[in-house]
$ cat target.tsv   # TSV, C-alpha atoms
chain	number	residue	atom	x	y	z
V	212	MET	CA	-25.76	-87.97	52.29
V	213	ALA	CA	-28.05	-86.23	54.80
V	214	GLU	CA	-25.31	-83.78	55.78
V	215	ILE	CA	-24.72	-82.87	52.14
V	216	ALA	CA	-28.48	-82.40	51.58
V	217	ALA	CA	-28.67	-80.10	54.63
V	218	LEU	CA	-25.66	-78.12	53.39
V	219	LEU	CA	-27.27	-77.71	49.97
V	220	ALA	CA	-30.52	-76.54	51.61
V	221	ALA	CA	-28.59	-74.03	53.72
V	222	LEU	CA	-26.77	-72.73	50.65
V	223	GLN	CA	-30.04	-72.36	48.76
V	224	HIS	CA	-31.86	-70.47	51.48
V	225	GLY	CA	-28.87	-68.35	52.47
V	226	ASP	CA	-28.18	-67.32	48.88
V	227	SER	CA	-28.65	-63.61	48.20
V	228	GLN	CA	-30.49	-64.63	45.00
V	229	PHE	CA	-33.21	-66.39	47.01
V	230	PRO	CA	-36.32	-64.21	46.44
V	231	SER	CA	-36.88	-63.27	50.07
V	232	GLY	CA	-37.71	-59.61	49.43
V	233	GLY	CA	-34.87	-58.48	51.68
V	234	PHE	CA	-33.34	-56.37	48.91
V	235	ALA	CA	-35.96	-53.69	49.59
V	236	PHE	CA	-34.67	-52.89	53.09
V	237	SER	CA	-31.52	-51.15	54.32
V	238	TRP	CA	-32.47	-51.25	58.05
V	239	GLY	CA	-31.35	-47.67	58.62
V	240	LEU	CA	-28.18	-47.76	56.55
V	241	GLU	CA	-29.59	-45.46	53.86
V	242	GLY	CA	-30.60	-42.88	56.45
V	243	LEU	CA	-27.24	-43.01	58.19
V	244	LEU	CA	-25.49	-42.49	54.87
V	245	ALA	CA	-27.77	-39.56	54.01
V	246	ASP	CA	-26.88	-37.94	57.34
V	247	ARG	CA	-23.18	-38.65	56.69
V	248	LEU	CA	-22.89	-40.81	59.77
V	249	VAL	CA	-21.35	-43.80	57.98
V	250	ALA	CA	-18.57	-44.09	55.42
V	251	ARG	CA	-16.96	-46.95	53.54
V	252	ARG	CA	-14.54	-47.67	56.39
V	253	ASP	CA	-17.47	-48.04	58.82
V	254	LEU	CA	-19.32	-50.90	57.09
V	255	ALA	CA	-17.87	-53.82	59.07
V	256	GLY	CA	-18.22	-51.90	62.35
V	257	PHE	CA	-21.83	-51.04	61.60
V	258	ILE	CA	-22.73	-54.65	60.82
V	259	GLU	CA	-20.86	-55.82	63.92
V	260	GLY	CA	-22.92	-53.46	66.06
V	261	GLN	CA	-26.15	-54.78	64.60
V	262	PHE	CA	-25.10	-58.35	65.38
V	263	ARG	CA	-23.84	-57.62	68.89
V	264	HIS	CA	-26.65	-55.36	70.04
V	265	ARG	CA	-29.67	-56.68	68.16
V	266	TRP	CA	-29.30	-59.99	66.36
V	267	SER	CA	-27.57	-61.86	69.18
V	268	SER	CA	-29.92	-60.74	71.94
V	269	PHE	CA	-33.19	-60.44	70.00
V	270	ASP	CA	-33.49	-61.93	66.52
V	271	ARG	CA	-31.37	-65.00	67.31
V	272	VAL	CA	-33.52	-65.86	70.31
V	273	VAL	CA	-36.76	-65.45	68.39
V	274	ILE	CA	-35.46	-67.45	65.42
V	275	ALA	CA	-34.40	-70.32	67.68
V	276	HIS	CA	-37.74	-70.41	69.50
V	277	ALA	CA	-39.67	-70.18	66.22
V	278	HIS	CA	-37.64	-73.11	64.92
V	279	ASP	CA	-38.55	-75.11	68.02
V	280	LEU	CA	-42.22	-74.12	67.63
V	281	ALA	CA	-42.50	-75.13	63.97
V	282	GLY	CA	-45.75	-77.07	63.71
V	283	ASP	CA	-47.27	-75.25	66.71
V	284	LEU	CA	-49.27	-72.49	65.03
V	285	ASP	CA	-50.66	-71.03	68.26
V	286	GLY	CA	-47.18	-70.93	69.76
V	287	LEU	CA	-45.81	-69.16	66.70
V	288	VAL	CA	-48.59	-66.56	66.82
V	289	ALA	CA	-47.85	-65.90	70.50
V	290	LEU	CA	-44.14	-65.53	69.70
V	291	ASP	CA	-45.04	-63.18	66.85
V	292	ASP	CA	-47.08	-61.05	69.25
V	293	LEU	CA	-44.14	-60.89	71.67
V	294	THR	CA	-41.80	-59.85	68.85
V	295	ASP	CA	-44.21	-57.10	67.84
V	296	ALA	CA	-44.53	-55.80	71.40
V	297	ALA	CA	-40.75	-55.88	71.90
V	298	THR	CA	-40.08	-53.77	68.79
V	299	PRO	CA	-41.07	-50.25	69.90
V	300	ALA	CA	-39.76	-48.29	66.90
V	301	ALA	CA	-42.59	-48.18	64.34
V	302	ALA	CA	-40.25	-48.09	61.34
V	303	ALA	CA	-38.35	-51.18	62.52
V	304	ARG	CA	-41.60	-52.94	63.40
V	305	GLU	CA	-43.13	-52.25	59.98
V	306	GLY	CA	-39.93	-53.25	58.21
V	307	SER	CA	-39.82	-56.55	60.09
V	308	ARG	CA	-43.43	-57.28	59.19
V	309	ARG	CA	-42.96	-56.44	55.53
V	310	ALA	CA	-39.75	-58.43	55.19
V	311	GLY	CA	-41.24	-61.36	57.07
V	312	ASN	CA	-44.37	-61.38	54.95
V	313	ALA	CA	-42.33	-61.29	51.75
V	314	LEU	CA	-40.33	-64.30	52.91
V	315	LEU	CA	-43.45	-66.08	54.12
V	316	GLY	CA	-45.17	-65.55	50.77
V	317	VAL	CA	-42.26	-67.13	48.89
V	318	HIS	CA	-42.27	-70.17	51.17
V	319	ALA	CA	-46.03	-70.53	50.95
V	320	ARG	CA	-45.70	-70.71	47.17
V	321	LEU	CA	-42.82	-73.18	47.49
V	322	GLY	CA	-44.96	-75.37	49.73
V	323	THR	CA	-42.70	-75.16	52.79
V	324	ALA	CA	-44.25	-76.91	55.77
V	325	GLY	CA	-46.26	-74.52	57.94
V	326	ALA	CA	-45.86	-71.48	55.71
V	327	GLN	CA	-49.37	-71.41	54.28
V	328	ALA	CA	-51.01	-71.82	57.69
V	329	LEU	CA	-49.05	-68.91	59.20
V	330	ARG	CA	-49.67	-66.81	56.11
V	331	ALA	CA	-53.42	-67.40	56.48
V	332	LYS	CA	-53.18	-66.08	60.05
V	333	VAL	CA	-51.37	-62.97	58.82
V	334	GLN	CA	-53.90	-62.39	56.06
V	335	ALA	CA	-56.70	-62.68	58.62
V	336	ASP	CA	-54.95	-60.08	60.84
V	337	GLN	CA	-54.40	-62.73	63.50
V	338	ALA	CA	-50.59	-62.59	63.23
V	339	HIS	CA	-47.94	-60.08	62.16
V	340	GLY	CA	-45.40	-62.22	60.31
V	341	HIS	CA	-42.24	-60.71	61.80
V	342	VAL	CA	-39.11	-61.75	59.97
V	343	PRO	CA	-37.30	-63.67	62.76
V	344	VAL	CA	-40.44	-65.69	63.49
V	345	VAL	CA	-40.85	-66.53	59.82
V	346	GLN	CA	-37.15	-67.35	59.42
V	347	GLY	CA	-37.14	-69.83	62.27
V	348	MET	CA	-40.31	-71.55	61.13
V	349	VAL	CA	-39.54	-71.85	57.41
V	350	LEU	CA	-35.93	-72.93	57.94
V	351	ALA	CA	-37.22	-75.70	60.18
V	352	GLY	CA	-39.77	-76.44	57.47
V	353	VAL	CA	-37.08	-77.01	54.84
V	354	GLY	CA	-35.32	-79.48	57.13
V	355	LEU	CA	-32.54	-77.44	58.72
V	356	ALA	CA	-31.48	-78.08	62.29
V	357	ARG	CA	-31.62	-75.13	64.68
V	358	ASP	CA	-27.91	-74.31	64.51
V	359	GLN	CA	-28.04	-74.49	60.72
V	360	ALA	CA	-31.08	-72.21	60.69
V	361	LEU	CA	-29.28	-69.66	62.87
V	362	ALA	CA	-26.26	-69.73	60.57
V	363	VAL	CA	-28.42	-69.19	57.49
V	364	ALA	CA	-30.35	-66.34	59.15
V	365	ALA	CA	-27.12	-64.67	60.30
V	366	HIS	CA	-25.58	-64.95	56.85
V	367	ALA	CA	-28.76	-63.54	55.29
V	368	MET	CA	-28.60	-60.52	57.61
V	369	ALA	CA	-24.93	-59.85	56.89
V	370	THR	CA	-25.42	-60.12	53.13
V	371	ALA	CA	-28.52	-57.91	53.29
V	372	PHE	CA	-26.48	-55.11	54.86
V	373	CYS	CA	-23.68	-55.61	52.35
V	374	THR	CA	-26.07	-55.64	49.40
V	375	ALA	CA	-27.64	-52.40	50.65
V	376	ALA	CA	-24.19	-50.85	51.04
V	377	ILE	CA	-23.25	-51.82	47.48
V	378	ARG	CA	-26.49	-50.39	46.05
V	379	LEU	CA	-25.93	-47.17	48.01
V	380	GLY	CA	-22.39	-46.82	46.68
V	381	LEU	CA	-21.04	-47.20	50.20
V	382	ALA	CA	-19.05	-50.34	49.39
V	383	SER	CA	-17.73	-52.35	46.49
V	384	HIS	CA	-18.38	-56.07	46.09
V	385	LEU	CA	-14.85	-56.67	47.36
V	386	ASP	CA	-15.46	-54.44	50.40
V	387	ALA	CA	-18.58	-56.47	51.16
V	388	GLN	CA	-16.76	-59.79	50.97
V	389	ARG	CA	-13.99	-58.45	53.21
V	390	ALA	CA	-16.57	-57.32	55.76
V	391	ILE	CA	-18.35	-60.68	55.77
V	392	GLY	CA	-15.06	-62.56	56.07
V	393	GLN	CA	-13.87	-60.31	58.86
V	394	LEU	CA	-17.10	-60.76	60.81
V	395	ARG	CA	-17.53	-64.51	60.31
V	396	PRO	CA	-15.73	-65.59	63.53
V	397	LEU	CA	-17.77	-63.14	65.63
V	398	ILE	CA	-21.06	-64.19	64.02
V	399	ALA	CA	-20.24	-67.87	64.58
V	400	GLU	CA	-19.42	-67.16	68.23
V	401	LEU	CA	-22.65	-65.19	68.77
V	402	ALA	CA	-24.76	-67.88	67.09
V	403	ALA	CA	-23.28	-70.56	69.38
V	404	ARG	CA	-23.94	-68.71	72.65
V	405	PRO	CA	-26.48	-70.19	75.08
V	406	LEU	CA	-29.96	-68.86	74.44
V	407	PRO	CA	-31.47	-66.48	77.01
V	408	ALA	CA	-35.09	-66.87	78.02
V	409	LEU	CA	-37.68	-65.21	75.83
V	410	ASP	CA	-38.51	-62.67	78.53
V	411	GLN	CA	-34.90	-61.46	78.35
V	412	ILE	CA	-34.86	-60.50	74.66
V	413	HIS	CA	-33.61	-56.98	74.06
V	414	ALA	CA	-31.99	-54.78	71.45
V	415	PHE	CA	-30.19	-51.45	71.54
V	416	THR	CA	-29.39	-49.99	68.12
V	417	PRO	CA	-30.67	-46.42	68.51
V	418	ALA	CA	-28.73	-44.85	65.62
V	419	ALA	CA	-30.17	-47.29	63.10
V	420	GLU	CA	-33.68	-46.99	64.54
V	421	ILE	CA	-33.59	-43.18	64.46
V	422	ALA	CA	-32.29	-43.34	60.89
V	423	MET	CA	-35.25	-45.54	59.94
V	424	MET	CA	-37.65	-43.09	61.55
V	425	ARG	CA	-36.10	-40.15	59.68
V	426	HIS	CA	-36.02	-42.10	56.43
V	427	ALA	CA	-39.73	-41.63	55.77
V	428	GLY	CA	-39.23	-37.86	55.44
V	429	GLN	CA	-36.43	-38.05	52.90
V	430	ASP	CA	-37.26	-36.89	49.37
V	431	LEU	CA	-35.12	-39.51	47.63
V	432	ARG	CA	-35.25	-43.07	48.88
V	433	LEU	CA	-33.88	-46.26	47.38
V	434	PHE	CA	-35.03	-48.54	50.20
V	435	SER	CA	-38.21	-48.99	52.20
V	436	ASN	CA	-36.42	-48.21	55.49
$ encode --input "target.tsv" --output "structure tokens"
Amino acid sequence: MAEIAALLAALQHGDSQFPSGGFAFSWGLEGLLADRLVARRDLAGFIEGQFRHRWSSFDRVVIAHAHDLAGDLDGLVALDDLTDAATPAAAAREGSRRAGNALLGVHARLGTAGAQALRAKVQADQAHGHVPVVQGMVLAGVGLARDQALAVAAHAMATAFCTAAIRLGLASHLDAQRAIGQLRPLIAELAARPLPALDQIHAFTPAAEIAMMRHAGQDLRLFSN
């Protein structure tokens, strides 16, 4: 019974229809498409690069620690500060804050444990509300174990990229499902790796970050980054 309840919670919070606000962000994909640096055949490779060189070594670690810190507001704020300091690209930093705050606002309204307290810190300019911090905390708050929370967060990231690609005309719905299916074994393997220490978090996705920086100067924009 408990396993089924956890599975249902994971399905609910990993569903692309969950109002997380993530639909507003392409995380550099729109800019790369505008500069003709990605094509339909590149979608799975692009997502794989984001998982290998950012999610696995940065977001995953923060999500796991935020999950462990659920209920420790001061610890979450300190982790949020570290996440902010370790995200040097302003466009990526702002995107993470905006996406995290959108997700946090939904969970505060849903009454998820801890969400309102962290949101109050953000509203008082005492926290940033970065998305991996919020993900870890709220997924713990809805009763998911850490490995379940990592799986939901990974799935949400993959579907966010695929949804952006569909809206940009870069992929069909079938292309997106192929990409997710193709990447599932890799994502599962990355999610199961031993966690590095917090002081070892790192990311290296320069093409996407540069695309986000250039995005602000584009005349026509569908996404916020």
$ closest_residue --input "target.tsv" --among "V:Ala275, V:Leu219, V:Ala387, V:Ala297" --to "V:Asp410" --atoms "all atoms listed in the file"
V:Ala297
$ axis_aligned_box --input "target.tsv" --around "stretch 243-254 of chain V" --padding-each-side "8 Å" --output "AutoDock Vina command-line options"
--center_x -21.2 --center_y -44.4 --center_z 56.7 --size_x 29.2 --size_y 29.0 --size_z 22.2
$ atom_distance --input "target.tsv" --atom1 "atom CA of V:Leu248" --atom2 "atom CA of V:Ile391"
20.8 Å
$ residues_near_point --input "target.tsv" --point "(-42.0, -77.0, 54.4)" --cutoff "12 Å" --atoms "all atoms listed in the file" --output "ChimeraX atom specification"
/V:220,281-282,315,317-329,345-355
$ atom_distance --input "target.tsv" --atom1 "atom CA of V:His413" --atom2 "atom CA of V:Arg247"
27.3 Å
$ atom_distance --input "target.tsv" --atom1 "atom CA of V:Ala250" --atom2 "atom CA of V:Ala382"
8.7 Å
$ residues_around --input "target.tsv" --residues "V:Leu381" --least-positions-apart "5" --cutoff "12 Å" --atoms "all atoms listed in the file" --output "ChimeraX atom specification"
/V:237,240-241,243-245,247-255,372-376,386-387
$ closest_residue --input "target.tsv" --among "V:Ala360, V:Ala390, V:Leu379, V:Ile421" --to "V:Leu222" --atoms "all atoms listed in the file"
V:Ala360
$ closest_residue --input "target.tsv" --among "V:Arg330, V:Arg425, V:His339, V:Arg271" --to "V:Ala302" --atoms "all atoms listed in the file"
V:Arg425
$ residues_around --input "target.tsv" --residues "V:Pro343" --least-positions-apart "6" --cutoff "9 Å" --atoms "all atoms listed in the file" --output "list in words"
Phe269, Asp270, Arg271, Val272, Val273, Ile274, Ala275, Ala277, Asp291, Thr294, Ser307, Gly311 and Ala364 of chain V
$ write_last_selection --input "target.tsv" --atoms "C-alpha atoms" --output "PDB file, keeping the file's coordinate frame"
ATOM      1  CA  PHE V 269     -33.190 -60.440  70.000  1.00  0.00           C
ATOM      2  CA  ASP V 270     -33.490 -61.930  66.520  1.00  0.00           C
ATOM      3  CA  ARG V 271     -31.370 -65.000  67.310  1.00  0.00           C
ATOM      4  CA  VAL V 272     -33.520 -65.860  70.310  1.00  0.00           C
ATOM      5  CA  VAL V 273     -36.760 -65.450  68.390  1.00  0.00           C
ATOM      6  CA  ILE V 274     -35.460 -67.450  65.420  1.00  0.00           C
ATOM      7  CA  ALA V 275     -34.400 -70.320  67.680  1.00  0.00           C
ATOM      8  CA  ALA V 277     -39.670 -70.180  66.220  1.00  0.00           C
ATOM      9  CA  ASP V 291     -45.040 -63.180  66.850  1.00  0.00           C
ATOM     10  CA  THR V 294     -41.800 -59.850  68.850  1.00  0.00           C
ATOM     11  CA  SER V 307     -39.820 -56.550  60.090  1.00  0.00           C
ATOM     12  CA  GLY V 311     -41.240 -61.360  57.070  1.00  0.00           C
ATOM     13  CA  ALA V 364     -30.350 -66.340  59.150  1.00  0.00           C
TER      14      ALA V 364
END
$ residues_around --input "target.tsv" --residues "V:His264" --least-positions-apart "2" --cutoff "7 Å" --atoms "all atoms listed in the file" --output "number ranges by chain"
V: 260-262, 266-268, 414-416
$ closest_residue --input "target.tsv" --among "V:Ala213, V:Val333, V:Ala303, V:Val342" --to "V:Pro417" --atoms "all atoms listed in the file"
V:Ala303
$ closest_residue --input "target.tsv" --among "V:Leu284, V:Leu401, V:Ile377, V:Met368" --to "V:Ala310" --atoms "only C-alpha atoms"
V:Met368
$ closest_residue --input "target.tsv" --among "V:Leu394, V:Trp238, V:Ala367, V:Glu259" --to "V:Arg304" --atoms "all atoms listed in the file"
V:Trp238
$ residues_around --input "target.tsv" --residues "V:Ala362" --least-positions-apart "4" --cutoff "7 Å" --atoms "all atoms listed in the file" --output "ChimeraX atom specification"
/V:358,366,402
$ build_atoms --input "target.tsv" --residues "stretch 238-250 of chain V" --atoms "N, CA and C atoms" --output "PDB file, in the coordinates of the input"
ATOM      1  N   TRP V 238     -32.476 -51.210  56.590  1.00  0.00           N
ATOM      2  CA  TRP V 238     -32.470 -51.250  58.050  1.00  0.00           C
ATOM      3  C   TRP V 238     -31.694 -50.083  58.656  1.00  0.00           C
ATOM      4  N   GLY V 239     -31.928 -48.896  58.075  1.00  0.00           N
ATOM      5  CA  GLY V 239     -31.350 -47.670  58.620  1.00  0.00           C
ATOM      6  C   GLY V 239     -30.069 -47.233  57.950  1.00  0.00           C
ATOM      7  N   LEU V 240     -29.460 -48.105  57.156  1.00  0.00           N
ATOM      8  CA  LEU V 240     -28.180 -47.760  56.550  1.00  0.00           C
ATOM      9  C   LEU V 240     -28.310 -46.599  55.572  1.00  0.00           C
ATOM     10  N   GLU V 241     -29.403 -46.559  54.802  1.00  0.00           N
ATOM     11  CA  GLU V 241     -29.590 -45.460  53.860  1.00  0.00           C
ATOM     12  C   GLU V 241     -29.714 -44.126  54.581  1.00  0.00           C
ATOM     13  N   GLY V 242     -30.448 -44.112  55.684  1.00  0.00           N
ATOM     14  CA  GLY V 242     -30.600 -42.880  56.450  1.00  0.00           C
ATOM     15  C   GLY V 242     -29.307 -42.424  57.078  1.00  0.00           C
ATOM     16  N   LEU V 243     -28.533 -43.359  57.586  1.00  0.00           N
ATOM     17  CA  LEU V 243     -27.240 -43.010  58.190  1.00  0.00           C
ATOM     18  C   LEU V 243     -26.289 -42.442  57.139  1.00  0.00           C
ATOM     19  N   LEU V 244     -26.339 -43.001  55.940  1.00  0.00           N
ATOM     20  CA  LEU V 244     -25.490 -42.490  54.870  1.00  0.00           C
ATOM     21  C   LEU V 244     -25.946 -41.083  54.469  1.00  0.00           C
ATOM     22  N   ALA V 245     -27.253 -40.868  54.380  1.00  0.00           N
ATOM     23  CA  ALA V 245     -27.770 -39.560  54.010  1.00  0.00           C
ATOM     24  C   ALA V 245     -27.365 -38.491  55.022  1.00  0.00           C
ATOM     25  N   ASP V 246     -27.285 -38.878  56.281  1.00  0.00           N
ATOM     26  CA  ASP V 246     -26.880 -37.940  57.340  1.00  0.00           C
ATOM     27  C   ASP V 246     -25.359 -37.909  57.541  1.00  0.00           C
ATOM     28  N   ARG V 247     -24.650 -38.603  56.657  1.00  0.00           N
ATOM     29  CA  ARG V 247     -23.180 -38.650  56.690  1.00  0.00           C
ATOM     30  C   ARG V 247     -22.639 -39.186  58.002  1.00  0.00           C
ATOM     31  N   LEU V 248     -23.308 -40.197  58.515  1.00  0.00           N
ATOM     32  CA  LEU V 248     -22.890 -40.810  59.770  1.00  0.00           C
ATOM     33  C   LEU V 248     -22.152 -42.132  59.552  1.00  0.00           C
ATOM     34  N   VAL V 249     -22.134 -42.611  58.318  1.00  0.00           N
ATOM     35  CA  VAL V 249     -21.350 -43.800  57.980  1.00  0.00           C
ATOM     36  C   VAL V 249     -20.560 -43.521  56.710  1.00  0.00           C
ATOM     37  N   ALA V 250     -19.410 -44.167  56.614  1.00  0.00           N
ATOM     38  CA  ALA V 250     -18.570 -44.090  55.420  1.00  0.00           C
ATOM     39  C   ALA V 250     -18.099 -45.496  55.087  1.00  0.00           C
TER      40      ALA V 250
END
